[in-house]
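Novice: Okay, so here is upload_17.tsv, and as you'll see once you scroll down, it has TSV, C-alpha atoms.
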chain	number	residue	atom	x	y	z
A	1	MET	CA	-4.30	15.72	-7.75
A	2	LYS	CA	-7.74	16.61	-6.39
A	3	LYS	CA	-9.26	15.37	-9.66
A	4	ILE	CA	-7.53	12.00	-9.33
A	5	LEU	CA	-8.67	11.54	-5.72
A	6	LEU	CA	-12.22	12.57	-6.60
A	7	SER	CA	-12.19	10.17	-9.57
A	8	ALA	CA	-11.04	7.32	-7.33
A	9	ALA	CA	-13.78	8.16	-4.80
A	10	ALA	CA	-16.40	8.27	-7.58
A	11	LEU	CA	-15.21	4.90	-8.89
A	12	PHE	CA	-15.56	3.37	-5.40
A	13	ALA	CA	-19.03	4.88	-4.97
A	14	PHE	CA	-20.19	3.67	-8.39
A	15	GLY	CA	-18.85	0.16	-7.78
A	16	PHE	CA	-20.33	0.00	-4.30
A	17	ALA	CA	-23.75	1.13	-5.51
A	18	ASN	CA	-23.94	-1.05	-8.64
A	19	ALA	CA	-22.21	-4.34	-7.88
A	20	GLN	CA	-24.33	-7.19	-6.57
A	21	ASP	CA	-21.48	-9.55	-5.77
A	22	GLY	CA	-18.78	-7.12	-4.70
A	23	SER	CA	-17.20	-6.33	-1.37
A	24	PHE	CA	-15.52	-3.35	0.22
A	25	LYS	CA	-12.51	-3.60	2.52
A	26	ALA	CA	-10.36	-1.04	4.30
A	27	GLY	CA	-7.35	-1.37	6.51
A	28	VAL	CA	-3.94	-0.38	7.81
A	29	ASN	CA	-0.42	-1.71	7.39
A	30	LEU	CA	3.01	-1.18	8.93
A	31	GLY	CA	6.28	-1.92	7.23
A	32	LEU	CA	10.04	-1.96	7.55
A	33	PRO	CA	11.80	-0.06	4.74
A	34	MET	CA	14.03	-2.22	2.57
A	35	GLY	CA	16.54	-1.82	-0.26
A	36	ASP	CA	17.36	1.68	-1.52
A	37	ILE	CA	15.69	3.51	1.38
A	38	LYS	CA	16.48	1.39	4.45
A	39	ASP	CA	19.18	3.80	5.67
A	40	ALA	CA	17.06	6.94	5.23
A	41	TYR	CA	13.62	5.80	6.46
A	42	SER	CA	12.59	4.00	9.64
A	43	LEU	CA	8.96	2.94	9.15
A	44	ASN	CA	6.18	2.77	6.56
A	45	ILE	CA	2.63	3.43	7.72
A	46	GLY	CA	-0.20	2.86	5.28
A	47	LEU	CA	-3.96	3.04	4.85
A	48	GLU	CA	-5.85	1.51	1.97
A	49	ALA	CA	-9.32	0.71	0.76
A	50	ALA	CA	-10.48	-1.48	-2.11
A	51	TYR	CA	-13.65	-2.62	-3.79
A	52	THR	CA	-13.54	-6.04	-5.42
A	53	TRP	CA	-15.91	-8.08	-7.53
A	54	SER	CA	-16.15	-11.86	-7.54
A	55	ILE	CA	-14.83	-13.09	-10.90
A	56	SER	CA	-15.13	-16.76	-9.93
A	57	GLU	CA	-15.57	-18.73	-6.72
A	58	LYS	CA	-11.89	-18.31	-5.78
A	59	PHE	CA	-10.83	-15.17	-7.68
A	60	ASN	CA	-11.69	-11.51	-6.94
A	61	ALA	CA	-10.51	-8.38	-8.74
A	62	GLY	CA	-11.18	-4.69	-8.28
A	63	VAL	CA	-9.81	-1.21	-7.66
A	64	GLY	CA	-8.23	0.48	-4.67
A	65	ALA	CA	-6.56	3.59	-3.32
A	66	GLY	CA	-4.66	4.49	-0.19
A	67	TYR	CA	-1.90	6.46	1.44
A	68	ALA	CA	1.66	5.30	2.24
A	69	HIS	CA	3.86	7.39	4.55
A	70	TYR	CA	7.58	6.75	5.06
A	71	LEU	CA	9.09	8.24	8.23
A	72	GLY	CA	12.50	9.82	7.63
A	73	LYS	CA	15.46	9.16	9.92
A	74	THR	CA	18.03	11.53	11.36
A	75	GLU	CA	21.51	10.20	10.69
A	76	THR	CA	24.86	11.31	12.12
A	77	ILE	CA	27.69	11.19	9.60
A	78	ASN	CA	31.21	11.11	11.01
A	79	LEU	CA	33.60	13.39	9.06
A	80	GLY	CA	36.74	11.95	10.60
A	81	GLY	CA	38.95	14.67	12.15
A	82	PHE	CA	36.42	17.32	11.07
A	83	GLY	CA	33.67	16.29	13.51
A	84	SER	CA	30.27	15.05	12.42
A	85	VAL	CA	27.13	16.35	10.79
A	86	GLU	CA	23.49	15.37	11.23
A	87	VAL	CA	21.40	14.68	8.15
A	88	GLU	CA	17.64	14.69	8.52
A	89	TYR	CA	15.67	12.89	5.80
A	90	GLU	CA	12.25	14.35	5.00
A	91	ASP	CA	9.21	12.10	5.34
A	92	ALA	CA	7.88	10.78	2.04
A	93	GLY	CA	4.23	10.28	1.15
A	94	PHE	CA	2.42	8.55	-1.70
A	95	VAL	CA	-1.21	8.12	-2.77
A	96	PRO	CA	-1.42	4.80	-4.63
A	97	VAL	CA	-4.31	4.19	-7.04
A	98	PHE	CA	-4.32	0.57	-8.16
A	99	GLY	CA	-5.99	-2.48	-9.57
A	100	THR	CA	-6.14	-5.41	-7.18
A	101	ALA	CA	-6.57	-9.16	-7.57
A	102	GLN	CA	-6.83	-11.95	-5.02
A	103	TYR	CA	-6.92	-15.72	-5.39
A	104	SER	CA	-8.14	-17.91	-2.50
A	105	PHE	CA	-6.34	-21.27	-2.29
A	106	THR	CA	-8.64	-22.37	0.56
A	107	ASP	CA	-11.44	-20.64	2.46
A	108	ASN	CA	-8.77	-18.96	4.61
A	109	ILE	CA	-5.47	-18.73	2.67
A	110	PHE	CA	-5.01	-16.27	-0.20
A	111	ALA	CA	-2.42	-14.61	-2.43
A	112	GLY	CA	-2.90	-11.32	-4.22
A	113	ALA	CA	-1.31	-8.35	-5.88
A	114	ASP	CA	-1.93	-4.62	-6.25
A	115	LEU	CA	-0.58	-2.82	-9.35
A	116	GLY	CA	-0.96	0.84	-10.24
A	117	TYR	CA	0.53	4.28	-9.88
A	118	ALA	CA	1.51	6.05	-6.65
A	119	LEU	CA	1.22	9.83	-6.74
A	120	GLY	CA	4.03	11.52	-4.84
A	121	VAL	CA	2.73	14.04	-2.29
A	122	ALA	CA	5.80	14.62	-0.08
A	123	PRO	CA	8.50	15.88	-0.12
A	124	SER	CA	8.21	18.48	-2.87
A	125	GLY	CA	9.61	17.16	-6.12
A	126	ASN	CA	8.36	13.62	-5.41
A	127	ASP	CA	6.63	12.75	-8.69
A	128	GLY	CA	5.59	9.24	-7.65
A	129	GLY	CA	5.96	6.12	-9.74
A	130	PHE	CA	4.85	2.58	-10.55
A	131	TYR	CA	3.22	0.91	-7.52
A	132	TYR	CA	3.19	-2.81	-6.75
A	133	GLN	CA	2.39	-4.97	-3.74
A	134	PRO	CA	2.32	-8.78	-3.88
A	135	LYS	CA	0.87	-10.28	-0.70
A	136	VAL	CA	-0.21	-13.49	1.02
A	137	GLY	CA	-2.48	-13.85	3.97
A	138	TYR	CA	-5.20	-15.35	6.11
A	139	GLN	CA	-8.85	-14.35	5.72
A	140	ALA	CA	-12.05	-14.87	7.65
A	141	GLU	CA	-15.55	-13.66	6.87
A	142	LYS	CA	-15.04	-10.12	8.24
A	143	TYR	CA	-11.26	-9.54	8.15
A	144	GLU	CA	-7.95	-10.47	6.59
A	145	VAL	CA	-4.36	-10.36	7.84
A	146	PHE	CA	-1.56	-10.26	5.29
A	147	ALA	CA	2.17	-9.91	4.68
A	148	GLY	CA	3.28	-8.01	1.60
A	149	TYR	CA	6.19	-6.36	-0.15
A	150	LYS	CA	5.20	-2.80	-1.13
A	151	GLY	CA	7.21	-0.90	-3.70
A	152	VAL	CA	7.08	2.42	-5.53
A	153	SER	CA	9.58	2.75	-8.39
A	154	VAL	CA	10.67	6.39	-8.50
A	155	ASP	CA	13.35	8.21	-10.49
A	156	GLY	CA	16.67	6.98	-9.11
A	157	GLY	CA	15.44	4.15	-6.88
A	158	THR	CA	12.59	2.36	-5.18
A	159	PHE	CA	10.64	3.07	-2.00
A	160	SER	CA	10.04	-0.46	-0.72
A	161	SER	CA	9.00	-2.07	2.53
A	162	LEU	CA	8.12	-5.45	3.99
A	163	ASN	CA	4.63	-4.95	5.46
A	164	LEU	CA	2.10	-6.57	7.78
A	165	GLY	CA	-1.48	-5.47	7.31
A	166	PHE	CA	-5.03	-5.84	8.52
A	167	ASN	CA	-8.18	-5.24	6.45
A	168	TYR	CA	-11.76	-5.17	7.70
A	169	LYS	CA	-14.36	-6.43	5.20
A	170	PHE	CA	-17.69	-4.61	5.02
Produce structure tokens that represent the structure in this file.
Specialist:
Amino acid sequence: MKKILLSAAALFAFGFANAQDGSFKAGVNLGLPMGDIKDAYSLNIGLEAAYTWSISEKFNAGVGAGYAHYLGKTETINLGGFGSVEVEYEDAGFVPVFGTAQYSFTDNIFAGADLGYALGVAPSGNDGGFYYQPKVGYQAEKYEVFAGYKGVSVDGGTFSSLNLGFNYKF
């Protein structure tokens, strides 16, 4: 996993040093778990960074990486006449490495998508899976605010969340 993270960092550094018309952005996002995991996880907290190149006046594409953390819940299960038992779900963590694209409809309104692979880092046995995040948002010269649907398809289900995010553009 160290090799993958170092490769992603090298790719960012190379792109940042060599691209004349590119831009770097980094940010945070918070999300509400949906679908398969909504009963086991309470919140998704994420960090991400991306480097994009201008393909045309309204279209940018690039590469990115980040970290997504899902906070596990503690749930009480009633066993009828036999009492109850508490089940504690372990937090889950992923390191997504992805390609990103963004189309600007106006100077301020955009739609985009991130596609790639999310490496599973927690709990043990989490192998990761296909990563996707379509999003729409508002952008200004130095920042963007977006809403997105983040998903990681893993064996037996999907870690998904409805997210709000903020990116600062450098």
Novice: Excluding region 127-134 of chain A and its own-chain neighbours fewer than 4 positions away, which residues fall within 9 Å of it when counting all atoms listed in the file? Please give them as a ChimeraX atom specification.
Specialist: /A:93-98,111-122,147-155,158
Novice: Hey, can you check how far CA of Glu90 (chain A) sits from CA of Gly27 (chain A)?
Specialist: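 So the two atoms, CA of Glu90 (chain A) and CA of Gly27 (chain A), lie 25.2 Å apart.
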Novice: Pick out the closest residue to Glu75 (chain A) from this set: A:Phe105, A:Asp39, A:Lys25, A:Ile55. Count only C-alpha atoms.
Specialist: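 Answer, going by the shortest atom-to-atom distance: A:Asp39.
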Novice: May I ask for the distance between CA of Leu43 (chain A) and CA of Ala101 (chain A), given in Å to one decimal place?
Specialist: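 Interatomic distance here is 25.8 Å.
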Novice: Counting only C-alpha atoms, what is within 8 Å of Val63 (chain A), bar same-chain residues fewer than 3 positions away, as a count of residues only?
Specialist: 8
Novice: When you look at Trp53 (chain A) with a cut-off of 6 Å (counting only C-alpha atoms), what residues show up, excluding the ones that are within fewer than 6 positions of it in the same chain? I need them as a list in words.
Specialist: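 Once the adjacent positions are removed, what remains is Gly22, Asn60, Ala61 and Gly62 of chain A.
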Novice: From the list A:Ile109, A:Leu47, A:Val87, A:Ile37, which residue is nearest Leu164 (chain A) when using all atoms listed in the file?
Specialist: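 Of all the options, A:Leu47 lies closest to Leu164 (chain A).
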Novice: From the list A:Ser161, A:Ser84, A:Thr74, A:Ser104, which residue is nearest Gly46 (chain A) when using only C-alpha atoms?
Specialist: A:Ser161
